[in-house]
$ cat target.pdb   # PDB, C-alpha atoms
ATOM      1  CA  MET A1290     140.443 187.325  99.341  1.00  0.00           C
ATOM      2  CA  LYS A1291     138.378 186.382  96.288  1.00  0.00           C
ATOM      3  CA  ARG A1292     137.092 183.299  98.104  1.00  0.00           C
ATOM      4  CA  ILE A1293     136.089 185.404 101.109  1.00  0.00           C
ATOM      5  CA  LEU A1294     134.271 187.864  98.865  1.00  0.00           C
ATOM      6  CA  ILE A1295     132.292 185.080  97.210  1.00  0.00           C
ATOM      7  CA  PHE A1296     131.028 183.622 100.486  1.00  0.00           C
ATOM      8  CA  ILE A1297     130.041 187.054 101.825  1.00  0.00           C
ATOM      9  CA  ILE A1298     128.140 187.783  98.628  1.00  0.00           C
ATOM     10  CA  ALA A1299     126.532 184.357  98.785  1.00  0.00           C
ATOM     11  CA  PHE A1300     125.455 185.107 102.333  1.00  0.00           C
ATOM     12  CA  LEU A1301     123.886 188.403 101.344  1.00  0.00           C
ATOM     13  CA  VAL A1302     122.027 186.827  98.437  1.00  0.00           C
ATOM     14  CA  LEU A1303     120.166 184.582 100.816  1.00  0.00           C
ATOM     15  CA  LEU A1304     118.890 187.228 103.187  1.00  0.00           C
ATOM     16  CA  SER A1305     115.424 188.805 103.456  1.00  0.00           C
ATOM     17  CA  PRO A1306     112.555 189.370 105.851  1.00  0.00           C
ATOM     18  CA  GLN A1307     111.165 186.172 107.202  1.00  0.00           C
ATOM     19  CA  SER A1308     107.639 184.953 107.412  1.00  0.00           C
ATOM     20  CA  PHE A1309     107.430 184.215 111.174  1.00  0.00           C
ATOM     21  CA  ALA A1310     106.177 180.717 110.320  1.00  0.00           C
ATOM     22  CA  GLY A1311     107.964 177.546 109.277  1.00  0.00           C
ATOM     23  CA  GLU A1312     111.375 176.184 109.995  1.00  0.00           C
ATOM     24  CA  PRO A1313     114.736 177.848 109.180  1.00  0.00           C
ATOM     25  CA  LEU A1314     115.082 176.189 105.774  1.00  0.00           C
ATOM     26  CA  ASP A1315     111.605 177.315 104.720  1.00  0.00           C
ATOM     27  CA  GLN A1316     112.284 180.856 105.873  1.00  0.00           C
ATOM     28  CA  LEU A1317     115.606 180.923 104.029  1.00  0.00           C
ATOM     29  CA  LYS A1318     113.844 179.722 100.850  1.00  0.00           C
ATOM     30  CA  GLU A1319     111.356 182.558 101.129  1.00  0.00           C
ATOM     31  CA  THR A1320     114.246 184.945 101.621  1.00  0.00           C
ATOM     32  CA  VAL A1321     116.075 183.736  98.530  1.00  0.00           C
ATOM     33  CA  THR A1322     112.972 184.248  96.417  1.00  0.00           C
ATOM     34  CA  LYS A1323     112.569 187.850  97.555  1.00  0.00           C
ATOM     35  CA  VAL A1324     116.226 188.766  97.115  1.00  0.00           C
ATOM     36  CA  MET A1325     116.517 187.059  93.733  1.00  0.00           C
ATOM     37  CA  LYS A1326     113.395 188.846  92.550  1.00  0.00           C
ATOM     38  CA  ILE A1327     115.104 192.176  93.248  1.00  0.00           C
ATOM     39  CA  LEU A1328     118.447 191.112  91.752  1.00  0.00           C
ATOM     40  CA  ASN A1329     116.736 189.963  88.557  1.00  0.00           C
ATOM     41  CA  SER A1330     114.412 192.957  88.240  1.00  0.00           C
ATOM     42  CA  LYS A1331     114.822 195.522  85.481  1.00  0.00           C
ATOM     43  CA  GLU A1332     114.745 198.244  88.166  1.00  0.00           C
ATOM     44  CA  TYR A1333     117.857 196.778  89.821  1.00  0.00           C
ATOM     45  CA  LYS A1334     119.669 196.601  86.485  1.00  0.00           C
ATOM     46  CA  ASP A1335     118.631 200.151  85.511  1.00  0.00           C
ATOM     47  CA  PRO A1336     121.171 202.730  86.799  1.00  0.00           C
ATOM     48  CA  SER A1337     118.406 205.299  87.327  1.00  0.00           C
ATOM     49  CA  THR A1338     116.530 203.077  89.825  1.00  0.00           C
ATOM     50  CA  ARG A1339     119.347 200.896  91.140  1.00  0.00           C
ATOM     51  CA  LYS A1340     119.996 202.992  94.271  1.00  0.00           C
ATOM     52  CA  HIS A1341     116.365 202.540  95.318  1.00  0.00           C
ATOM     53  CA  MET A1342     116.598 198.778  94.781  1.00  0.00           C
ATOM     54  CA  GLU A1343     119.879 198.603  96.723  1.00  0.00           C
ATOM     55  CA  GLU A1344     118.101 200.297  99.621  1.00  0.00           C
ATOM     56  CA  ALA A1345     115.380 197.642  99.408  1.00  0.00           C
ATOM     57  CA  LEU A1346     118.040 194.912  99.563  1.00  0.00           C
ATOM     58  CA  LYS A1347     119.661 196.629 102.518  1.00  0.00           C
ATOM     59  CA  ARG A1348     116.367 196.660 104.445  1.00  0.00           C
ATOM     60  CA  ILE A1349     115.880 192.979 103.676  1.00  0.00           C
ATOM     61  CA  ILE A1350     119.382 192.118 104.881  1.00  0.00           C
ATOM     62  CA  TYR A1351     119.088 194.111 108.092  1.00  0.00           C
ATOM     63  CA  GLU A1352     115.840 192.354 108.947  1.00  0.00           C
ATOM     64  CA  ARG A1353     117.356 188.896 108.528  1.00  0.00           C
ATOM     65  CA  PHE A1354     120.935 189.151 109.748  1.00  0.00           C
ATOM     66  CA  ASP A1355     121.867 189.462 113.411  1.00  0.00           C
ATOM     67  CA  PHE A1356     124.769 191.889 113.077  1.00  0.00           C
ATOM     68  CA  ARG A1357     125.127 192.233 116.846  1.00  0.00           C
ATOM     69  CA  GLU A1358     125.648 188.498 117.372  1.00  0.00           C
ATOM     70  CA  ALA A1359     128.028 188.257 114.405  1.00  0.00           C
ATOM     71  CA  ALA A1360     130.006 191.269 115.660  1.00  0.00           C
ATOM     72  CA  LYS A1361     130.142 189.852 119.187  1.00  0.00           C
ATOM     73  CA  LEU A1362     131.376 186.469 117.990  1.00  0.00           C
ATOM     74  CA  SER A1363     133.856 188.097 115.595  1.00  0.00           C
ATOM     75  CA  LEU A1364     135.374 190.176 118.389  1.00  0.00           C
ATOM     76  CA  GLY A1365     135.607 187.045 120.538  1.00  0.00           C
ATOM     77  CA  PRO A1366     136.990 187.483 124.070  1.00  0.00           C
ATOM     78  CA  HIS A1367     137.599 191.190 123.454  1.00  0.00           C
ATOM     79  CA  TRP A1368     133.816 191.803 123.359  1.00  0.00           C
ATOM     80  CA  ASN A1369     133.418 191.549 127.139  1.00  0.00           C
ATOM     81  CA  GLU A1370     136.283 194.008 127.651  1.00  0.00           C
ATOM     82  CA  ARG A1371     134.346 196.725 125.832  1.00  0.00           C
ATOM     83  CA  THR A1372     131.867 199.144 127.372  1.00  0.00           C
ATOM     84  CA  LYS A1373     128.250 199.106 126.160  1.00  0.00           C
ATOM     85  CA  LYS A1374     128.974 202.251 124.127  1.00  0.00           C
ATOM     86  CA  GLU A1375     132.038 200.629 122.525  1.00  0.00           C
ATOM     87  CA  GLN A1376     130.043 197.470 121.749  1.00  0.00           C
ATOM     88  CA  ASP A1377     127.305 199.504 120.062  1.00  0.00           C
ATOM     89  CA  GLU A1378     129.868 201.425 118.018  1.00  0.00           C
ATOM     90  CA  PHE A1379     131.568 198.172 117.015  1.00  0.00           C
ATOM     91  CA  VAL A1380     128.283 196.625 115.846  1.00  0.00           C
ATOM     92  CA  THR A1381     127.578 199.716 113.728  1.00  0.00           C
ATOM     93  CA  LEU A1382     131.052 199.643 112.186  1.00  0.00           C
ATOM     94  CA  PHE A1383     130.910 195.899 111.584  1.00  0.00           C
ATOM     95  CA  SER A1384     127.530 196.125 109.824  1.00  0.00           C
ATOM     96  CA  GLU A1385     128.658 199.106 107.718  1.00  0.00           C
ATOM     97  CA  LEU A1386     131.853 197.302 106.783  1.00  0.00           C
ATOM     98  CA  LEU A1387     129.930 194.292 105.486  1.00  0.00           C
ATOM     99  CA  GLU A1388     127.336 196.442 103.753  1.00  0.00           C
ATOM    100  CA  ARG A1389     129.767 198.734 101.948  1.00  0.00           C
ATOM    101  CA  SER A1390     132.131 195.931 101.012  1.00  0.00           C
ATOM    102  CA  TYR A1391     129.614 193.502  99.574  1.00  0.00           C
ATOM    103  CA  LEU A1392     126.137 194.905  98.887  1.00  0.00           C
ATOM    104  CA  LYS A1393     127.061 196.372  95.518  1.00  0.00           C
ATOM    105  CA  LYS A1394     128.574 193.083  94.368  1.00  0.00           C
ATOM    106  CA  LEU A1395     125.410 191.042  94.708  1.00  0.00           C
ATOM    107  CA  ASP A1396     124.518 191.071  91.030  1.00  0.00           C
ATOM    108  CA  ARG A1397     127.075 188.351  90.325  1.00  0.00           C
ATOM    109  CA  PHE A1398     124.536 185.997  91.956  1.00  0.00           C
ATOM    110  CA  ALA A1399     121.584 186.972  89.785  1.00  0.00           C
ATOM    111  CA  ASP A1400     120.136 183.968  87.940  1.00  0.00           C
ATOM    112  CA  LYS A1401     122.187 181.463  89.953  1.00  0.00           C
ATOM    113  CA  GLU A1402     120.553 178.182  90.894  1.00  0.00           C
ATOM    114  CA  ILE A1403     120.438 177.528  94.626  1.00  0.00           C
ATOM    115  CA  ARG A1404     119.699 174.096  96.084  1.00  0.00           C
ATOM    116  CA  TYR A1405     118.880 173.338  99.709  1.00  0.00           C
ATOM    117  CA  VAL A1406     120.619 170.161 100.769  1.00  0.00           C
ATOM    118  CA  GLY A1407     120.305 170.019 104.530  1.00  0.00           C
ATOM    119  CA  GLU A1408     118.905 171.409 107.727  1.00  0.00           C
ATOM    120  CA  GLU A1409     119.740 170.629 111.328  1.00  0.00           C
ATOM    121  CA  MET A1410     118.081 172.078 114.400  1.00  0.00           C
ATOM    122  CA  GLN A1411     119.195 171.917 118.021  1.00  0.00           C
ATOM    123  CA  GLY A1412     117.004 173.950 120.326  1.00  0.00           C
ATOM    124  CA  HIS A1413     117.100 177.608 119.331  1.00  0.00           C
ATOM    125  CA  LYS A1414     119.984 177.095 116.859  1.00  0.00           C
ATOM    126  CA  ALA A1415     119.915 175.785 113.312  1.00  0.00           C
ATOM    127  CA  THR A1416     122.169 175.107 110.358  1.00  0.00           C
ATOM    128  CA  VAL A1417     120.977 175.248 106.754  1.00  0.00           C
ATOM    129  CA  ILE A1418     123.217 173.942 103.969  1.00  0.00           C
ATOM    130  CA  THR A1419     122.851 175.160 100.397  1.00  0.00           C
ATOM    131  CA  MET A1420     124.672 174.632  97.128  1.00  0.00           C
ATOM    132  CA  ILE A1421     125.056 177.485  94.654  1.00  0.00           C
ATOM    133  CA  LYS A1422     125.669 176.564  91.029  1.00  0.00           C
ATOM    134  CA  MET A1423     128.713 178.505  89.907  1.00  0.00           C
ATOM    135  CA  GLU A1424     130.416 178.564  86.503  1.00  0.00           C
ATOM    136  CA  LYS A1425     132.998 175.876  87.251  1.00  0.00           C
ATOM    137  CA  GLU A1426     131.585 173.947  90.207  1.00  0.00           C
ATOM    138  CA  ASP A1427     128.940 174.151  92.887  1.00  0.00           C
ATOM    139  CA  ALA A1428     129.795 176.087  96.039  1.00  0.00           C
ATOM    140  CA  LYS A1429     128.657 174.880  99.459  1.00  0.00           C
ATOM    141  CA  VAL A1430     127.283 177.613 101.702  1.00  0.00           C
ATOM    142  CA  THR A1431     126.259 176.850 105.284  1.00  0.00           C
ATOM    143  CA  TYR A1432     124.140 179.283 107.278  1.00  0.00           C
ATOM    144  CA  ARG A1433     124.089 179.346 111.055  1.00  0.00           C
ATOM    145  CA  LEU A1434     120.937 180.774 112.529  1.00  0.00           C
ATOM    146  CA  HIS A1435     119.420 181.266 115.937  1.00  0.00           C
ATOM    147  CA  LYS A1436     115.850 181.877 116.975  1.00  0.00           C
ATOM    148  CA  ILE A1437     115.171 185.222 118.606  1.00  0.00           C
ATOM    149  CA  LYS A1438     111.600 186.130 119.578  1.00  0.00           C
ATOM    150  CA  GLY A1439     110.184 183.662 117.077  1.00  0.00           C
ATOM    151  CA  ARG A1440     112.436 184.733 114.188  1.00  0.00           C
ATOM    152  CA  TRP A1441     115.335 182.783 112.692  1.00  0.00           C
ATOM    153  CA  LEU A1442     118.278 185.153 112.213  1.00  0.00           C
ATOM    154  CA  VAL A1443     121.558 184.409 110.444  1.00  0.00           C
ATOM    155  CA  TYR A1444     124.623 185.121 112.565  1.00  0.00           C
ATOM    156  CA  ASP A1445     127.317 183.278 110.598  1.00  0.00           C
ATOM    157  CA  VAL A1446     127.958 182.059 107.067  1.00  0.00           C
ATOM    158  CA  VAL A1447     130.447 179.368 106.104  1.00  0.00           C
ATOM    159  CA  PHE A1448     131.559 179.244 102.469  1.00  0.00           C
ATOM    160  CA  GLU A1449     133.512 176.135 101.502  1.00  0.00           C
ATOM    161  CA  ASN A1450     134.579 175.568 105.133  1.00  0.00           C
ATOM    162  CA  VAL A1451     135.656 179.198 105.700  1.00  0.00           C
ATOM    163  CA  GLY A1452     133.407 180.936 108.226  1.00  0.00           C
ATOM    164  CA  LEU A1453     132.674 184.648 108.289  1.00  0.00           C
ATOM    165  CA  VAL A1454     132.872 184.866 112.088  1.00  0.00           C
ATOM    166  CA  LYS A1455     136.088 182.835 112.336  1.00  0.00           C
ATOM    167  CA  LEU A1456     137.723 184.822 109.550  1.00  0.00           C
ATOM    168  CA  TYR A1457     136.972 188.185 111.142  1.00  0.00           C
ATOM    169  CA  ARG A1458     137.790 186.953 114.657  1.00  0.00           C
ATOM    170  CA  THR A1459     141.271 185.988 113.478  1.00  0.00           C
ATOM    171  CA  ARG A1460     141.812 189.345 111.738  1.00  0.00           C
ATOM    172  CA  PHE A1461     140.426 191.429 114.592  1.00  0.00           C
ATOM    173  CA  ASN A1462     142.371 189.493 117.228  1.00  0.00           C
ATOM    174  CA  ASN A1463     145.626 189.932 115.304  1.00  0.00           C
ATOM    175  CA  ILE A1464     145.164 193.695 115.061  1.00  0.00           C
ATOM    176  CA  ILE A1465     144.293 194.023 118.754  1.00  0.00           C
ATOM    177  CA  LYS A1466     147.265 191.869 119.825  1.00  0.00           C
ATOM    178  CA  LYS A1467     149.723 193.745 117.596  1.00  0.00           C
ATOM    179  CA  SER A1468     148.336 197.173 118.402  1.00  0.00           C
ATOM    180  CA  SER A1469     145.083 197.926 120.234  1.00  0.00           C
ATOM    181  CA  TYR A1470     141.317 197.881 120.071  1.00  0.00           C
ATOM    182  CA  LYS A1471     141.443 201.585 119.205  1.00  0.00           C
ATOM    183  CA  GLU A1472     143.611 200.757 116.176  1.00  0.00           C
ATOM    184  CA  LEU A1473     141.100 198.112 115.060  1.00  0.00           C
ATOM    185  CA  VAL A1474     138.274 200.649 115.187  1.00  0.00           C
ATOM    186  CA  GLN A1475     140.339 203.138 113.191  1.00  0.00           C
ATOM    187  CA  LYS A1476     141.174 200.513 110.551  1.00  0.00           C
ATOM    188  CA  MET A1477     137.483 199.626 110.227  1.00  0.00           C
ATOM    189  CA  LYS A1478     136.535 203.296 109.791  1.00  0.00           C
ATOM    190  CA  THR A1479     139.223 203.740 107.132  1.00  0.00           C
ATOM    191  CA  LYS A1480     138.052 200.645 105.242  1.00  0.00           C
ATOM    192  CA  ILE A1481     134.444 201.861 105.298  1.00  0.00           C
ATOM    193  CA  GLU A1482     135.509 205.249 103.902  1.00  0.00           C
ATOM    194  CA  GLU A1483     137.477 203.548 101.127  1.00  0.00           C
ATOM    195  CA  GLU A1484     134.398 201.562 100.086  1.00  0.00           C
ATOM    196  CA  GLU A1485     132.156 204.652  99.753  1.00  0.00           C
TER     197      GLU A1485
END

$ encode --input "target.pdb" --output "structure tokens"
Amino acid sequence: MKRILIFIIAFLVLLSPQSFAGEPLDQLKETVTKVMKILNSKEYKDPSTRKHMEEALKRIIYERFDFREAAKLSLGPHWNERTKKEQDEFVTLFSELLERSYLKKLDRFADKEIRYVGEEMQGHKATVITMIKMEKEDAKVTYRLHKIKGRWLVYDVVFENVGLVKLYRTRFNNIIKKSSYKELVQKMKTKIEEEE
């Protein structure tokens, strides 16, 4: 679980509004700069202004991350079995689950050194590989992006060979197979409430 938490936090650290110009790696670099600026600011560290800065981070994340695509891929074959209303509800729950679980834990990445070690593009999809300097050893974080209306959006994050989408797809599929989609939705709602 600790490993999963680290890669989700790492993913969130590298999100922010993009500049509509340049390749995925360049846009991710710009994103890192903006997010790190907030994480390292005295306003973020000050309890009296932290909530405002967390809201700023949230806006940045929502502009960069394609929650709908990540939710769709995480639900796997069960996505097409859902109505449009159910899909919309699932995307909302999925995004809230990630936000409430990990947004407040971002400060562990303040002042960390991030290196960009690779970029690969194939049509409207791209992969950007980074290394984050941690206390004991560097951690490899791979971002999967796709281009939508001229913007590169992250839809999956792989931390040390464990992917966000694959991880959630396995969990969600197990719950649905053992119980039902309705049970999955209820478990997500309960988890979100626990994180408030």

$ closest_residue --input "target.pdb" --among "A:Leu1456, A:Leu1434, A:Ala1360, A:Leu1346" --to "A:Pro1313" --atoms "only C-alpha atoms"
A:Leu1434

$ resolve_selection --input "target.pdb" --expression "the PyMOL selection byres ((chain A and resi 1443) around 12)" --output "PDB file with C-alpha atoms, in the coordinates of the input"
ATOM      1  CA  PHE A1300     125.455 185.107 102.333  1.00  0.00           C
ATOM      2  CA  LEU A1301     123.886 188.403 101.344  1.00  0.00           C
ATOM      3  CA  LEU A1303     120.166 184.582 100.816  1.00  0.00           C
ATOM      4  CA  LEU A1304     118.890 187.228 103.187  1.00  0.00           C
ATOM      5  CA  SER A1305     115.424 188.805 103.456  1.00  0.00           C
ATOM      6  CA  PRO A1306     112.555 189.370 105.851  1.00  0.00           C
ATOM      7  CA  GLN A1307     111.165 186.172 107.202  1.00  0.00           C
ATOM      8  CA  PRO A1313     114.736 177.848 109.180  1.00  0.00           C
ATOM      9  CA  LEU A1314     115.082 176.189 105.774  1.00  0.00           C
ATOM     10  CA  GLN A1316     112.284 180.856 105.873  1.00  0.00           C
ATOM     11  CA  LEU A1317     115.606 180.923 104.029  1.00  0.00           C
ATOM     12  CA  THR A1320     114.246 184.945 101.621  1.00  0.00           C
ATOM     13  CA  ILE A1350     119.382 192.118 104.881  1.00  0.00           C
ATOM     14  CA  TYR A1351     119.088 194.111 108.092  1.00  0.00           C
ATOM     15  CA  GLU A1352     115.840 192.354 108.947  1.00  0.00           C
ATOM     16  CA  ARG A1353     117.356 188.896 108.528  1.00  0.00           C
ATOM     17  CA  PHE A1354     120.935 189.151 109.748  1.00  0.00           C
ATOM     18  CA  ASP A1355     121.867 189.462 113.411  1.00  0.00           C
ATOM     19  CA  PHE A1356     124.769 191.889 113.077  1.00  0.00           C
ATOM     20  CA  ARG A1357     125.127 192.233 116.846  1.00  0.00           C
ATOM     21  CA  GLU A1358     125.648 188.498 117.372  1.00  0.00           C
ATOM     22  CA  ALA A1359     128.028 188.257 114.405  1.00  0.00           C
ATOM     23  CA  LYS A1414     119.984 177.095 116.859  1.00  0.00           C
ATOM     24  CA  ALA A1415     119.915 175.785 113.312  1.00  0.00           C
ATOM     25  CA  THR A1416     122.169 175.107 110.358  1.00  0.00           C
ATOM     26  CA  VAL A1417     120.977 175.248 106.754  1.00  0.00           C
ATOM     27  CA  THR A1431     126.259 176.850 105.284  1.00  0.00           C
ATOM     28  CA  TYR A1432     124.140 179.283 107.278  1.00  0.00           C
ATOM     29  CA  ARG A1433     124.089 179.346 111.055  1.00  0.00           C
ATOM     30  CA  LEU A1434     120.937 180.774 112.529  1.00  0.00           C
ATOM     31  CA  HIS A1435     119.420 181.266 115.937  1.00  0.00           C
ATOM     32  CA  LYS A1436     115.850 181.877 116.975  1.00  0.00           C
ATOM     33  CA  ILE A1437     115.171 185.222 118.606  1.00  0.00           C
ATOM     34  CA  ARG A1440     112.436 184.733 114.188  1.00  0.00           C
ATOM     35  CA  TRP A1441     115.335 182.783 112.692  1.00  0.00           C
ATOM     36  CA  LEU A1442     118.278 185.153 112.213  1.00  0.00           C
ATOM     37  CA  TYR A1444     124.623 185.121 112.565  1.00  0.00           C
ATOM     38  CA  ASP A1445     127.317 183.278 110.598  1.00  0.00           C
ATOM     39  CA  VAL A1446     127.958 182.059 107.067  1.00  0.00           C
ATOM     40  CA  VAL A1447     130.447 179.368 106.104  1.00  0.00           C
ATOM     41  CA  LEU A1453     132.674 184.648 108.289  1.00  0.00           C
ATOM     42  CA  VAL A1454     132.872 184.866 112.088  1.00  0.00           C
TER      43      VAL A1454
END

$ closest_residue --input "target.pdb" --among "A:Thr1419, A:Asn1329, A:Asn1369, A:Thr1322" --to "A:Phe1448" --atoms "only C-alpha atoms"
A:Thr1419

$ resolve_selection --input "target.pdb" --expression "the PyMOL selection byres ((chain A and resi 1406) around 8)" --output "list in words"
Arg1404, Tyr1405, Gly1407, Glu1408, Val1417, Ile1418, Thr1419 and Met1420 of chain A

$ residues_around --input "target.pdb" --residues "A:Glu1484" --least-positions-apart "4" --cutoff "9 Å" --atoms "all atoms listed in the file" --output "VMD selection string"
chain A and resid 1386 1389 to 1390 1479 to 1480

$ write_last_selection --input "target.pdb" --atoms "C-alpha atoms" --output "PDB file, in the coordinates of the input"
ATOM      1  CA  LEU A1386     131.853 197.302 106.783  1.00  0.00           C
ATOM      2  CA  ARG A1389     129.767 198.734 101.948  1.00  0.00           C
ATOM      3  CA  SER A1390     132.131 195.931 101.012  1.00  0.00           C
ATOM      4  CA  THR A1479     139.223 203.740 107.132  1.00  0.00           C
ATOM      5  CA  LYS A1480     138.052 200.645 105.242  1.00  0.00           C
TER       6      LYS A1480
END

$ closest_residue --input "target.pdb" --among "A:Lys1361, A:Lys1478, A:Lys1429, A:Lys1471" --to "A:Tyr1457" --atoms "all atoms listed in the file"
A:Lys1361

$ closest_residue --input "target.pdb" --among "A:Met1325, A:Val1380, A:Leu1362, A:Met1342" --to "A:Asn1462" --atoms "all atoms listed in the file"
A:Leu1362

$ build_atoms --input "target.pdb" --residues "stretch 1435-1453 of chain A" --atoms "N, CA and C atoms" --output "tab-separated table (two decimals), keeping the file's coordinate frame"
chain	number	residue	atom	x	y	z
A	1435	HIS	N	119.98	181.50	114.61
A	1435	HIS	CA	119.42	181.27	115.94
A	1435	HIS	C	118.05	181.94	116.00
A	1436	LYS	N	117.23	181.40	116.88
A	1436	LYS	CA	115.85	181.88	116.98
A	1436	LYS	C	115.77	182.93	118.07
A	1437	ILE	N	115.33	184.11	117.68
A	1437	ILE	CA	115.17	185.22	118.61
A	1437	ILE	C	113.74	185.74	118.48
A	1438	LYS	N	112.99	185.66	119.56
A	1438	LYS	CA	111.60	186.13	119.58
A	1438	LYS	C	110.80	185.60	118.39
A	1439	GLY	N	110.95	184.31	118.14
A	1439	GLY	CA	110.18	183.66	117.08
A	1439	GLY	C	110.73	183.82	115.67
A	1440	ARG	N	111.86	184.52	115.52
A	1440	ARG	CA	112.44	184.73	114.19
A	1440	ARG	C	113.78	184.03	114.09
A	1441	TRP	N	114.04	183.41	112.94
A	1441	TRP	CA	115.34	182.78	112.69
A	1441	TRP	C	116.24	183.81	112.02
A	1442	LEU	N	117.34	184.15	112.71
A	1442	LEU	CA	118.28	185.15	112.21
A	1442	LEU	C	119.64	184.51	111.93
A	1443	VAL	N	120.23	184.89	110.81
A	1443	VAL	CA	121.56	184.41	110.44
A	1443	VAL	C	122.59	185.18	111.25
A	1444	TYR	N	123.54	184.45	111.85
A	1444	TYR	CA	124.62	185.12	112.56
A	1444	TYR	C	126.00	184.70	112.05
A	1445	ASP	N	126.04	183.69	111.18
A	1445	ASP	CA	127.32	183.28	110.60
A	1445	ASP	C	127.06	182.57	109.28
A	1446	VAL	N	128.03	182.70	108.37
A	1446	VAL	CA	127.96	182.06	107.07
A	1446	VAL	C	129.29	181.38	106.83
A	1447	VAL	N	129.23	180.13	106.39
A	1447	VAL	CA	130.45	179.37	106.10
A	1447	VAL	C	130.44	179.02	104.62
A	1448	PHE	N	131.44	179.51	103.90
A	1448	PHE	CA	131.56	179.24	102.47
A	1448	PHE	C	132.75	178.33	102.25
A	1449	GLU	N	132.44	177.12	101.77
A	1449	GLU	CA	133.51	176.14	101.50
A	1449	GLU	C	134.45	176.01	102.71
A	1450	ASN	N	133.86	175.81	103.88
A	1450	ASN	CA	134.58	175.57	105.13
A	1450	ASN	C	135.33	176.78	105.70
A	1451	VAL	N	135.07	177.98	105.16
A	1451	VAL	CA	135.66	179.20	105.70
A	1451	VAL	C	134.51	180.04	106.25
A	1452	GLY	N	134.50	180.22	107.58
A	1452	GLY	CA	133.41	180.94	108.23
A	1452	GLY	C	133.66	182.42	108.35
A	1453	LEU	N	132.61	183.20	108.16
A	1453	LEU	CA	132.67	184.65	108.29
A	1453	LEU	C	133.15	185.05	109.68
